[in-house]
file data-v9.tsv (TSV, C-alpha atoms and all ligand atoms)
chain	number	residue	atom	x	y	z
E	1	MET	CA	95.76	98.30	110.65
E	2	ILE	CA	97.96	99.07	107.65
E	3	CYS	CA	98.92	102.47	106.35
E	4	ILE	CA	100.33	102.98	102.83
E	5	LYS	CA	103.12	105.46	103.54
E	6	GLU	CA	104.33	105.81	99.96
E	7	ALA	CA	102.98	104.70	96.58
E	8	SER	CA	104.34	105.95	93.27
E	9	PHE	CA	104.92	104.84	89.69
E	10	LEU	CA	108.49	103.62	89.26
E	11	THR	CA	108.91	102.53	85.65
E	12	SER	CA	107.51	100.53	82.72
E	13	ALA	CA	109.41	97.84	80.84
E	14	THR	CA	108.69	96.09	77.57
E	15	LYS	CA	110.88	93.12	78.38
E	16	LEU	CA	112.80	91.39	81.11
E	17	SER	CA	116.10	93.02	80.31
E	18	PHE	CA	114.54	96.47	80.76
E	19	CYS	CA	113.18	95.75	84.24
E	20	PRO	CA	114.76	97.44	87.24
E	21	PRO	CA	117.29	95.26	89.09
E	22	PRO	CA	115.60	92.68	91.35
E	23	ASP	CA	116.97	94.22	94.53
E	24	VAL	CA	113.66	95.02	96.28
E	25	MET	CA	110.90	92.56	97.30
E	26	GLU	CA	108.06	92.40	94.78
E	27	VAL	CA	104.41	91.35	94.48
E	28	VAL	CA	103.24	90.45	91.00
E	29	PHE	CA	99.58	90.59	89.92
E	30	LEU	CA	98.53	88.03	87.34
E	31	GLY	CA	95.34	87.07	85.62
E	32	ARG	CA	93.29	87.19	82.45
E	33	SER	CA	92.87	90.44	80.66
E	34	ASN	CA	90.08	92.58	82.13
E	35	VAL	CA	89.90	90.55	85.38
E	36	GLY	CA	90.67	93.70	87.41
E	37	LYS	CA	94.43	93.64	88.11
E	38	SER	CA	95.06	97.36	87.66
E	39	THR	CA	91.86	98.31	89.50
E	40	PHE	CA	92.85	96.06	92.40
E	41	ILE	CA	96.29	97.64	92.65
E	42	ASN	CA	94.68	101.09	92.82
E	43	LEU	CA	92.31	99.89	95.50
E	44	LEU	CA	95.13	98.47	97.61
E	45	LEU	CA	97.24	101.59	97.28
E	46	GLU	CA	94.26	103.94	97.70
E	47	LYS	CA	95.47	105.88	94.68
E	48	ASN	CA	94.84	105.78	90.92
E	49	LEU	CA	98.30	104.75	89.77
E	50	ALA	CA	97.67	101.77	87.50
E	51	LYS	CA	95.72	102.47	84.33
E	52	SER	CA	92.51	100.48	84.11
E	53	SER	CA	89.91	100.30	81.37
E	54	SER	CA	86.74	98.46	80.45
E	55	THR	CA	88.49	97.51	77.17
E	56	PRO	CA	90.60	94.35	77.56
E	57	GLY	CA	94.29	94.70	76.87
E	58	LYS	CA	94.72	98.07	78.59
E	59	THR	CA	97.99	97.19	80.33
E	60	GLN	CA	100.61	96.40	77.70
E	61	LEU	CA	103.84	96.88	79.61
E	62	ILE	CA	105.33	95.54	82.81
E	63	ASN	CA	104.59	98.38	85.22
E	64	PHE	CA	106.41	98.79	88.52
E	65	PHE	CA	105.12	100.74	91.51
E	66	HIS	CA	107.23	101.64	94.51
E	67	THR	CA	105.46	101.31	97.87
E	68	ILE	CA	106.16	101.56	101.58
E	69	TRP	CA	103.65	99.89	103.91
E	70	GLU	CA	103.42	100.36	107.65
E	71	ARG	CA	101.68	98.08	110.13
E	72	LYS	CA	100.89	99.80	113.40
E	73	ALA	CA	99.57	96.89	115.48
E	74	PRO	CA	100.21	94.50	117.17
E	75	PHE	CA	103.70	95.93	116.69
E	76	MET	CA	105.22	98.57	114.43
E	77	GLN	CA	106.55	97.16	111.15
E	78	THR	CA	107.57	98.87	107.91
E	79	ALA	CA	108.11	97.12	104.58
E	80	THR	CA	109.32	98.50	101.27
E	81	PHE	CA	108.32	96.54	98.20
E	82	ARG	CA	107.18	96.97	94.62
E	83	LEU	CA	103.90	96.01	93.03
E	84	ILE	CA	104.08	94.77	89.45
E	85	ASP	CA	101.10	95.22	87.13
E	86	LEU	CA	101.32	92.86	84.17
E	87	PRO	CA	99.42	92.75	80.90
E	88	GLY	CA	96.62	90.19	81.12
E	89	PHE	CA	96.79	86.87	79.36
E	90	GLY	CA	94.12	85.57	77.03
E	91	TYR	CA	93.58	88.88	75.27
E	92	ALA	CA	92.15	87.84	71.89
E	93	LYS	CA	92.79	90.90	69.73
E	94	VAL	CA	96.48	90.24	69.19
E	95	SER	CA	98.03	87.76	66.79
E	96	LYS	CA	98.79	84.20	67.89
E	97	ALA	CA	102.49	84.85	67.40
E	98	THR	CA	102.39	87.94	69.64
E	99	LYS	CA	100.48	85.98	72.25
E	100	LYS	CA	102.98	83.13	72.18
E	101	HIS	CA	105.87	85.52	72.38
E	102	TRP	CA	104.33	87.27	75.40
E	103	GLU	CA	103.54	84.00	77.20
E	104	HIS	CA	107.11	82.84	76.76
E	105	HIS	CA	108.30	86.21	77.95
E	106	LEU	CA	106.01	86.11	80.99
E	107	TRP	CA	107.07	82.59	81.93
E	108	GLU	CA	110.71	83.64	81.75
E	109	PHE	CA	109.97	86.71	83.86
E	110	LEU	CA	108.11	84.81	86.59
E	111	HIS	CA	110.68	82.05	86.76
E	112	GLN	CA	113.78	84.19	86.84
E	113	ARG	CA	112.77	87.20	88.88
E	114	ILE	CA	114.21	86.33	92.28
E	115	SER	CA	112.74	89.40	93.98
E	116	ILE	CA	109.15	88.17	93.62
E	117	LYS	CA	107.87	87.17	97.06
E	118	LEU	CA	104.18	86.95	96.32
E	119	PHE	CA	102.18	85.96	93.24
E	120	VAL	CA	98.64	87.34	93.36
E	121	HIS	CA	96.46	85.42	90.91
E	122	LEU	CA	93.24	87.25	90.13
E	123	ILE	CA	90.32	85.14	88.98
E	124	ASP	CA	86.90	86.35	87.84
E	125	ALA	CA	84.45	85.04	90.48
E	126	ARG	CA	81.90	84.34	87.73
E	127	HIS	CA	84.27	82.06	85.80
E	128	THR	CA	86.32	80.02	88.23
E	129	ASN	CA	87.16	76.99	86.08
E	130	LEU	CA	88.76	78.46	83.00
E	131	GLN	CA	91.63	76.51	81.48
E	132	ALA	CA	93.84	79.61	81.35
E	133	ASP	CA	93.57	80.06	85.13
E	134	THR	CA	94.19	76.38	85.86
E	135	THR	CA	97.26	76.45	83.62
E	136	LEU	CA	98.59	79.54	85.41
E	137	GLN	CA	97.88	78.06	88.83
E	138	ASN	CA	99.77	74.86	87.94
E	139	LEU	CA	102.61	76.88	86.50
E	140	LEU	CA	102.91	79.01	89.63
E	141	HIS	CA	102.96	75.96	91.86
E	142	SER	CA	105.63	74.37	89.70
E	143	ILE	CA	107.96	77.39	89.88
E	144	ALA	CA	107.32	78.82	93.35
E	145	ARG	CA	110.37	78.64	95.60
E	146	PRO	CA	110.06	78.11	99.37
E	147	ASP	CA	110.34	81.87	99.96
E	148	GLN	CA	107.52	82.65	97.54
E	149	ARG	CA	103.78	82.66	98.26
E	150	ILE	CA	100.72	82.36	96.01
E	151	LEU	CA	97.45	84.11	96.80
E	152	SER	CA	94.26	83.64	94.74
E	153	VAL	CA	91.85	86.58	94.76
E	154	TYR	CA	88.37	86.41	93.23
E	155	THR	CA	87.29	89.68	91.60
E	156	LYS	CA	83.91	91.00	90.46
E	157	PHE	CA	82.31	89.45	93.52
E	158	ASP	CA	79.59	92.13	93.29
E	159	LYS	CA	78.35	90.47	90.09
E	160	LEU	CA	77.37	87.29	91.94
E	161	ASN	CA	73.97	86.76	93.52
E	162	LYS	CA	73.64	86.22	97.28
E	163	ASN	CA	73.63	82.39	97.01
E	164	GLN	CA	76.74	82.36	94.87
E	165	GLN	CA	78.45	84.79	97.25
E	166	HIS	CA	77.59	82.53	100.17
E	167	ILE	CA	79.44	79.61	98.55
E	168	PHE	CA	82.59	81.74	98.26
E	169	TYR	CA	82.40	82.72	101.92
E	170	GLN	CA	81.93	79.08	102.91
E	171	LYS	CA	85.00	78.05	100.95
E	172	GLY	CA	87.01	80.80	102.67
E	173	ARG	CA	87.99	82.38	99.35
E	174	VAL	CA	89.49	85.85	99.13
E	175	VAL	CA	86.92	88.02	97.36
E	176	VAL	CA	86.87	91.62	96.15
E	177	SER	CA	84.45	94.03	94.50
E	178	ASN	CA	86.94	96.43	93.01
E	179	ASN	CA	84.44	98.73	91.36
E	180	ASP	CA	82.83	99.67	94.69
E	181	LYS	CA	86.24	100.90	95.82
E	182	MET	CA	85.73	98.53	98.72
E	183	ILE	CA	86.11	94.92	99.60
E	184	ASN	CA	83.07	93.25	101.07
E	185	LYS	CA	82.76	94.06	104.73
E	186	LYS	CA	81.56	90.55	105.49
E	187	PHE	CA	84.86	89.27	104.16
E	188	GLY	CA	86.87	91.72	106.23
E	189	GLY	CA	87.19	94.75	104.01
E	190	LYS	CA	90.22	96.35	102.44
E	191	ALA	CA	92.19	96.22	105.69
E	192	LYS	CA	92.11	92.43	105.65
E	193	ILE	CA	93.29	92.18	102.05
E	194	GLN	CA	96.12	94.62	102.76
E	195	GLU	CA	97.13	92.43	105.72
E	196	MET	CA	97.17	89.38	103.47
E	197	ILE	CA	99.37	91.07	100.90
E	198	LEU	CA	101.83	92.32	103.52
E	199	ASN	CA	101.95	88.93	105.25
E	200	GLY	CA	102.48	87.24	101.90
E	201	VAL	CA	105.42	89.49	101.02
E	202	LEU	CA	106.99	88.97	104.42
E	203	GLY	CA	106.43	85.20	104.26
E	204	ILE	CA	104.11	85.03	107.25
E	205	ASP	CA	102.11	81.87	106.66
E	206	ALA	CA	98.48	80.98	107.13
E	207	ASN	CA	97.21	80.11	110.55
E	208	ARG	CA	93.59	79.12	110.88
E	209	ASP	CA	93.31	80.65	114.35
E	210	ASP	CA	94.19	84.09	113.09
E	211	ASP	CA	92.23	85.22	110.06
E	212	THR	CA	94.51	88.15	109.30
E	213	LYS	CA	97.26	85.79	108.14
E	214	THR	CA	97.62	85.08	104.45
E	215	HIS	CA	95.71	82.13	103.06
E	216	ILE	CA	98.45	80.34	101.21
E	217	GLU	CA	97.28	77.97	98.52
K	301	LIG	N1	81.89	95.03	88.68
K	301	LIG	C1	83.22	95.00	88.83
K	301	LIG	N2	84.00	95.53	87.88
K	301	LIG	C2	85.34	95.47	88.06
K	301	LIG	C3	85.93	94.87	89.20
K	301	LIG	N3	87.28	94.95	89.08
K	301	LIG	C4	87.52	95.58	87.91
K	301	LIG	N4	86.35	95.91	87.29
K	301	LIG	C5	86.20	96.58	85.99
K	301	LIG	O1	86.74	95.71	84.99
K	301	LIG	C6	87.38	96.46	83.94
K	301	LIG	C7	88.82	95.98	83.77
K	301	LIG	O2	89.59	96.35	84.90
K	301	LIG	P1	91.19	96.48	84.80
K	301	LIG	O3	91.64	96.75	86.18
K	301	LIG	O4	91.59	97.43	83.72
K	301	LIG	O5	91.57	94.99	84.37
K	301	LIG	P2	93.04	94.40	84.05
K	301	LIG	O6	93.03	93.01	84.59
K	301	LIG	O7	94.09	95.31	84.56
K	301	LIG	O8	93.01	94.36	82.46
K	301	LIG	P3	94.27	94.34	81.42
K	301	LIG	O9	95.14	95.52	81.72
K	301	LIG	O10	93.60	94.40	80.10
K	301	LIG	O11	94.97	93.03	81.63
K	301	LIG	C8	87.26	97.93	84.37
K	301	LIG	O12	86.14	98.48	83.69
K	301	LIG	C9	87.00	97.86	85.86
K	301	LIG	O13	86.25	98.96	86.36
K	301	LIG	C10	85.06	94.32	90.21
K	301	LIG	O14	85.48	93.76	91.24
K	301	LIG	N5	83.72	94.42	89.96
K	302	MG	MG	95.63	96.26	83.59
call {"tool": "encode", "arguments": {"input": "data-v9.tsv", "output": "structure tokens", "more": "lines below"}}
Ligand SMILES: Nc1nc2c(ncn2[C@@H]2O[C@H](COP(=O)(O)OP(=O)(O)OP(=O)(O)O)[C@@H](O)[C@H]2O)c(=O)[nH]1
Ligand SMILES: [Mg+2]
result
Amino acid sequence: MICIKEASFLTSATKLSFCPPPDVMEVVFLGRSNVGKSTFINLLLEKNLAKSSSTPGKTQLINFFHTIWERKAPFMQTATFRLIDLPGFGYAKVSKATKKHWEHHLWEFLHQRISIKLFVHLIDARHTNLQADTTLQNLLHSIARPDQRILSVYTKFDKLNKNQQHIFYQKGRVVVSNNDKMINKKFGGKAKIQEMILNGVLGIDANRDDDTKTHIE
């Protein structure tokens, strides 16, 4: 059982040089625009901190949130880390040059930021084979250091029919229905996702015998 002891907005940055010093562990949320990054952060933190919108391109800055998480069982453990909400990629209503500039900027950010312990890649459960997601996945695997973890989370699970949902369960994928303010009970609910995030930050690896450990890709 995890308790979010503190969760607050820290700062926004327009570029790498404006980010706070990388002196605290961080989790970064990545994915296409409108996939549900900001909504997912709010769900995890049980608070409306990250701005979400039905219009793609809502998040335009690198937003940092300060958090303190506490695990009560099987032993007491407290962890302080930041969550980073990024603008989505693939947002069409900006110029190609702006897009290119941002992608370069993002790549630089992900590669150089030594405080990142966990990359959370959000993928729309209805569109699992998009080139943009494959490219990001490959990129993350190519840059991840041994102390960094990658977790794929499939959003908008509520939009799938029962048969489609069954396939996700069979594959053991991490699924969420952000809009319900809950994560499917059959999957393990919000508590399980919070466990995965905390384990990922702390570098506790997957173990098939214990389904509260992070599924590392
Ligand atoms: N049905 C459903 N809607 C969702 C889910 N997650 C997010 N949404 C909705 O999708 C829209 C986009 O959510 P955001 O959290 O703003 O998405 P984002 O990835 O932060 O978008 P950008 O900031 O543009 O990159 C909002 O209208 C959310 O309510 C989900 O799991 N299911
Ligand atoms: Mg957002």
call {"tool": "residues_near_ligand", "arguments": {"input": "data-v9.tsv", "ligand": "ligand MG 302 (chain K)", "cutoff": "8 Å", "atoms": "all atoms listed in the file", "output": "PyMOL selection string"}}
result
chain E and resi 33-34+36-39+50-53+57-60+85-88
call {"tool": "residues_around", "arguments": {"input": "data-v9.tsv", "residues": "Leu198 in chain E", "least_positions_apart": "3", "cutoff": "9 Å", "atoms": "all atoms listed in the file", "output": "ChimeraX atom specification"}}
result
/E:2,69,71,79,193-195,201-204,214
call {"tool": "atom_distance", "arguments": {"input": "data-v9.tsv", "atom1": "CA of Pro22 in chain E", "atom2": "CA of Ser115 in chain E"}}
result
5.1 Å
call {"tool": "atom_distance", "arguments": {"input": "data-v9.tsv", "atom1": "CA of Leu151 in chain E", "atom2": "CA of Phe119 in chain E"}}
result
6.2 Å
call {"tool": "atom_distance", "arguments": {"input": "data-v9.tsv", "atom1": "CA of Ile143 in chain E", "atom2": "CA of His111 in chain E"}}
result
6.2 Å
call {"tool": "closest_residue", "arguments": {"input": "data-v9.tsv", "among": "E:Lys156, E:His104, E:His66, E:Arg113", "to": "ligand LIG 301 (chain K)", "atoms": "all atoms listed in the file"}}
result
E:Lys156
call {"tool": "residues_around", "arguments": {"input": "data-v9.tsv", "residues": "Phe109 in chain E", "least_positions_apart": "3", "cutoff": "12 Å", "atoms": "only C-alpha atoms", "output": "list in words"}}
result
Ala13, Thr14, Lys15, Leu16, Ser17, Phe18, Cys19, Pro22, Val28, Ile62, Ile84, Leu86, Trp102, Glu103, His104, His105, Leu106, Gln112, Arg113, Ile114, Ser115, Ile116, Leu140 and Ile143 of chain E
call {"tool": "closest_residue", "arguments": {"input": "data-v9.tsv", "among": "E:Lys162, E:Arg32, E:Lys99, E:His141", "to": "ligand LIG 301 (chain K)", "atoms": "only C-alpha atoms and all ligand atoms"}}
result
E:Arg32
call {"tool": "closest_residue", "arguments": {"input": "data-v9.tsv", "among": "E:Asn163, E:Thr55, E:Gln137, E:Asn63", "to": "Leu83 in chain E", "atoms": "all atoms listed in the file"}}
result
E:Asn63
call {"tool": "closest_residue", "arguments": {"input": "data-v9.tsv", "among": "E:Glu26, E:Asp158, E:Asp133, E:Asp147", "to": "ligand LIG 301 (chain K)", "atoms": "only C-alpha atoms and all ligand atoms"}}
result
E:Asp158
call {"tool": "residues_around", "arguments": {"input": "data-v9.tsv", "residues": "Glu6 in chain E", "least_positions_apart": "2", "cutoff": "6 Å", "atoms": "only C-alpha atoms", "output": "VMD selection string"}}
result
chain E and resid 4 67 to 68
call {"tool": "residues_around", "arguments": {"input": "data-v9.tsv", "residues": "Ser152 in chain E", "least_positions_apart": "6", "cutoff": "8 Å", "atoms": "only C-alpha atoms", "output": "list in words"}}
result
Val120, His121, Leu122, Ile123, Arg173, Val174 and Glu217 of chain E
call {"tool": "closest_residue", "arguments": {"input": "data-v9.tsv", "among": "E:Thr78, E:Ser8, E:Gln165, E:Ser54", "to": "ligand LIG 301 (chain K)", "atoms": "all atoms listed in the file"}}
result
E:Ser54
call {"tool": "closest_residue", "arguments": {"input": "data-v9.tsv", "among": "E:Ala7, E:Leu30, E:Leu45, E:Met196", "to": "ligand LIG 301 (chain K)", "atoms": "all atoms listed in the file"}}
result
E:Leu30
call {"tool": "residues_around", "arguments": {"input": "data-v9.tsv", "residues": "Lys159 in chain E", "least_positions_apart": "5", "cutoff": "10 Å", "atoms": "only C-alpha atoms", "output": "list in words"}}
result
Asp124, Ala125, Arg126, Gln164, Gln165 and Ser177 of chain E
call {"tool": "decode", "arguments": {"input": "data-v9.tsv", "residues": "range 72-165 of chain E", "atoms": "C-alpha atoms", "output": "PDB file, in the first residue's frame"}}
result
ATOM      1  CA  LYS E  72       3.873   1.014   4.475  1.00  0.00           C
ATOM      2  CA  ALA E  73       4.208  -2.729   3.834  1.00  0.00           C
ATOM      3  CA  PRO E  74       5.983  -5.138   3.813  1.00  0.00           C
ATOM      4  CA  PHE E  75       8.334  -2.594   5.382  1.00  0.00           C
ATOM      5  CA  MET E  76       8.297   1.175   5.790  1.00  0.00           C
ATOM      6  CA  GLN E  77      10.015   3.008   2.925  1.00  0.00           C
ATOM      7  CA  THR E  78       9.960   6.671   1.893  1.00  0.00           C
ATOM      8  CA  ALA E  79      11.144   8.030  -1.453  1.00  0.00           C
ATOM      9  CA  THR E  80      11.410  11.603  -2.680  1.00  0.00           C
ATOM     10  CA  PHE E  81      11.356  12.075  -6.426  1.00  0.00           C
ATOM     11  CA  ARG E  82      10.008  14.341  -9.135  1.00  0.00           C
ATOM     12  CA  LEU E  83       7.532  13.577 -11.878  1.00  0.00           C
ATOM     13  CA  ILE E  84       8.149  15.285 -15.207  1.00  0.00           C
ATOM     14  CA  ASP E  85       5.235  16.018 -17.529  1.00  0.00           C
ATOM     15  CA  LEU E  86       6.448  16.625 -21.070  1.00  0.00           C
ATOM     16  CA  PRO E  87       4.707  18.048 -24.116  1.00  0.00           C
ATOM     17  CA  GLY E  88       3.497  15.235 -26.359  1.00  0.00           C
ATOM     18  CA  PHE E  89       5.175  14.392 -29.613  1.00  0.00           C
ATOM     19  CA  GLY E  90       3.372  14.149 -32.925  1.00  0.00           C
ATOM     20  CA  TYR E  91       1.235  17.227 -32.366  1.00  0.00           C
ATOM     21  CA  ALA E  92       0.356  18.320 -35.914  1.00  0.00           C
ATOM     22  CA  LYS E  93      -0.647  21.954 -35.437  1.00  0.00           C
ATOM     23  CA  VAL E  94       2.887  23.298 -35.121  1.00  0.00           C
ATOM     24  CA  SER E  95       5.342  23.955 -37.926  1.00  0.00           C
ATOM     25  CA  LYS E  96       7.766  21.247 -39.051  1.00  0.00           C
ATOM     26  CA  ALA E  97      10.678  23.378 -37.901  1.00  0.00           C
ATOM     27  CA  THR E  98       9.183  23.775 -34.414  1.00  0.00           C
ATOM     28  CA  LYS E  99       8.557  20.047 -34.262  1.00  0.00           C
ATOM     29  CA  LYS E 100      12.116  19.240 -35.300  1.00  0.00           C
ATOM     30  CA  HIS E 101      13.507  21.701 -32.816  1.00  0.00           C
ATOM     31  CA  TRP E 102      11.433  20.177 -30.006  1.00  0.00           C
ATOM     32  CA  GLU E 103      12.388  16.601 -30.913  1.00  0.00           C
ATOM     33  CA  HIS E 104      16.054  17.512 -30.867  1.00  0.00           C
ATOM     34  CA  HIS E 105      15.523  19.275 -27.577  1.00  0.00           C
ATOM     35  CA  LEU E 106      13.676  16.290 -26.095  1.00  0.00           C
ATOM     36  CA  TRP E 107      16.342  13.839 -27.231  1.00  0.00           C
ATOM     37  CA  GLU E 108      19.014  15.989 -25.630  1.00  0.00           C
ATOM     38  CA  PHE E 109      16.968  16.219 -22.435  1.00  0.00           C
ATOM     39  CA  LEU E 110      16.368  12.467 -22.146  1.00  0.00           C
ATOM     40  CA  HIS E 111      19.950  11.579 -22.922  1.00  0.00           C
ATOM     41  CA  GLN E 112      21.642  14.046 -20.628  1.00  0.00           C
ATOM     42  CA  ARG E 113      19.384  14.186 -17.604  1.00  0.00           C
ATOM     43  CA  ILE E 114      21.200  11.869 -15.205  1.00  0.00           C
ATOM     44  CA  SER E 115      18.503  12.094 -12.532  1.00  0.00           C
ATOM     45  CA  ILE E 116      15.937  10.214 -14.630  1.00  0.00           C
ATOM     46  CA  LYS E 117      15.432   6.766 -13.097  1.00  0.00           C
ATOM     47  CA  LEU E 118      12.275   5.741 -14.890  1.00  0.00           C
ATOM     48  CA  PHE E 119      10.881   6.443 -18.358  1.00  0.00           C
ATOM     49  CA  VAL E 120       7.126   5.895 -18.497  1.00  0.00           C
ATOM     50  CA  HIS E 121       6.042   5.530 -22.122  1.00  0.00           C
ATOM     51  CA  LEU E 122       2.306   5.993 -22.549  1.00  0.00           C
ATOM     52  CA  ILE E 123       0.729   4.339 -25.558  1.00  0.00           C
ATOM     53  CA  ASP E 124      -2.896   4.582 -26.694  1.00  0.00           C
ATOM     54  CA  ALA E 125      -4.313   1.048 -26.292  1.00  0.00           C
ATOM     55  CA  ARG E 126      -6.311   1.511 -29.507  1.00  0.00           C
ATOM     56  CA  HIS E 127      -3.217   2.268 -31.598  1.00  0.00           C
ATOM     57  CA  THR E 128      -0.340   0.110 -30.439  1.00  0.00           C
ATOM     58  CA  ASN E 129       1.767  -0.023 -33.600  1.00  0.00           C
ATOM     59  CA  LEU E 130       2.345   3.591 -34.482  1.00  0.00           C
ATOM     60  CA  GLN E 131       5.729   4.475 -35.921  1.00  0.00           C
ATOM     61  CA  ALA E 132       6.168   7.349 -33.466  1.00  0.00           C
ATOM     62  CA  ASP E 133       5.870   4.969 -30.494  1.00  0.00           C
ATOM     63  CA  THR E 134       8.209   2.385 -32.013  1.00  0.00           C
ATOM     64  CA  THR E 135      10.775   5.108 -32.686  1.00  0.00           C
ATOM     65  CA  LEU E 136      10.521   6.348 -29.099  1.00  0.00           C
ATOM     66  CA  GLN E 137      10.747   2.826 -27.701  1.00  0.00           C
ATOM     67  CA  ASN E 138      13.906   2.127 -29.728  1.00  0.00           C
ATOM     68  CA  LEU E 139      15.359   5.448 -28.693  1.00  0.00           C
ATOM     69  CA  LEU E 140      14.722   4.787 -25.016  1.00  0.00           C
ATOM     70  CA  HIS E 141      16.328   1.367 -25.211  1.00  0.00           C
ATOM     71  CA  SER E 142      19.346   2.840 -26.961  1.00  0.00           C
ATOM     72  CA  ILE E 143      19.940   5.502 -24.295  1.00  0.00           C
ATOM     73  CA  ALA E 144      18.826   3.802 -21.065  1.00  0.00           C
ATOM     74  CA  ARG E 145      21.671   3.314 -18.608  1.00  0.00           C
ATOM     75  CA  PRO E 146      21.795   0.306 -16.252  1.00  0.00           C
ATOM     76  CA  ASP E 147      20.258   2.385 -13.446  1.00  0.00           C
ATOM     77  CA  GLN E 148      17.317   3.457 -15.600  1.00  0.00           C
ATOM     78  CA  ARG E 149      14.068   1.561 -16.197  1.00  0.00           C
ATOM     79  CA  ILE E 150      11.449   1.740 -18.952  1.00  0.00           C
ATOM     80  CA  LEU E 151       7.770   1.077 -18.297  1.00  0.00           C
ATOM     81  CA  SER E 152       5.123   0.979 -21.055  1.00  0.00           C
ATOM     82  CA  VAL E 153       1.600   1.910 -19.976  1.00  0.00           C
ATOM     83  CA  TYR E 154      -1.426   1.519 -22.255  1.00  0.00           C
ATOM     84  CA  THR E 155      -4.008   4.283 -21.786  1.00  0.00           C
ATOM     85  CA  LYS E 156      -7.653   4.615 -22.841  1.00  0.00           C
ATOM     86  CA  PHE E 157      -8.186   0.962 -22.024  1.00  0.00           C
ATOM     87  CA  ASP E 158     -11.864   1.778 -21.377  1.00  0.00           C
ATOM     88  CA  LYS E 159     -12.274   2.430 -25.113  1.00  0.00           C
ATOM     89  CA  LEU E 160     -11.529  -1.194 -25.989  1.00  0.00           C
ATOM     90  CA  ASN E 161     -14.192  -3.887 -26.180  1.00  0.00           C
ATOM     91  CA  LYS E 162     -14.075  -6.899 -23.844  1.00  0.00           C
ATOM     92  CA  ASN E 163     -12.254  -9.141 -26.375  1.00  0.00           C
ATOM     93  CA  GLN E 164      -9.598  -6.525 -27.028  1.00  0.00           C
ATOM     94  CA  GLN E 165      -9.173  -5.968 -23.291  1.00  0.00           C
TER      95      GLN E 165
END
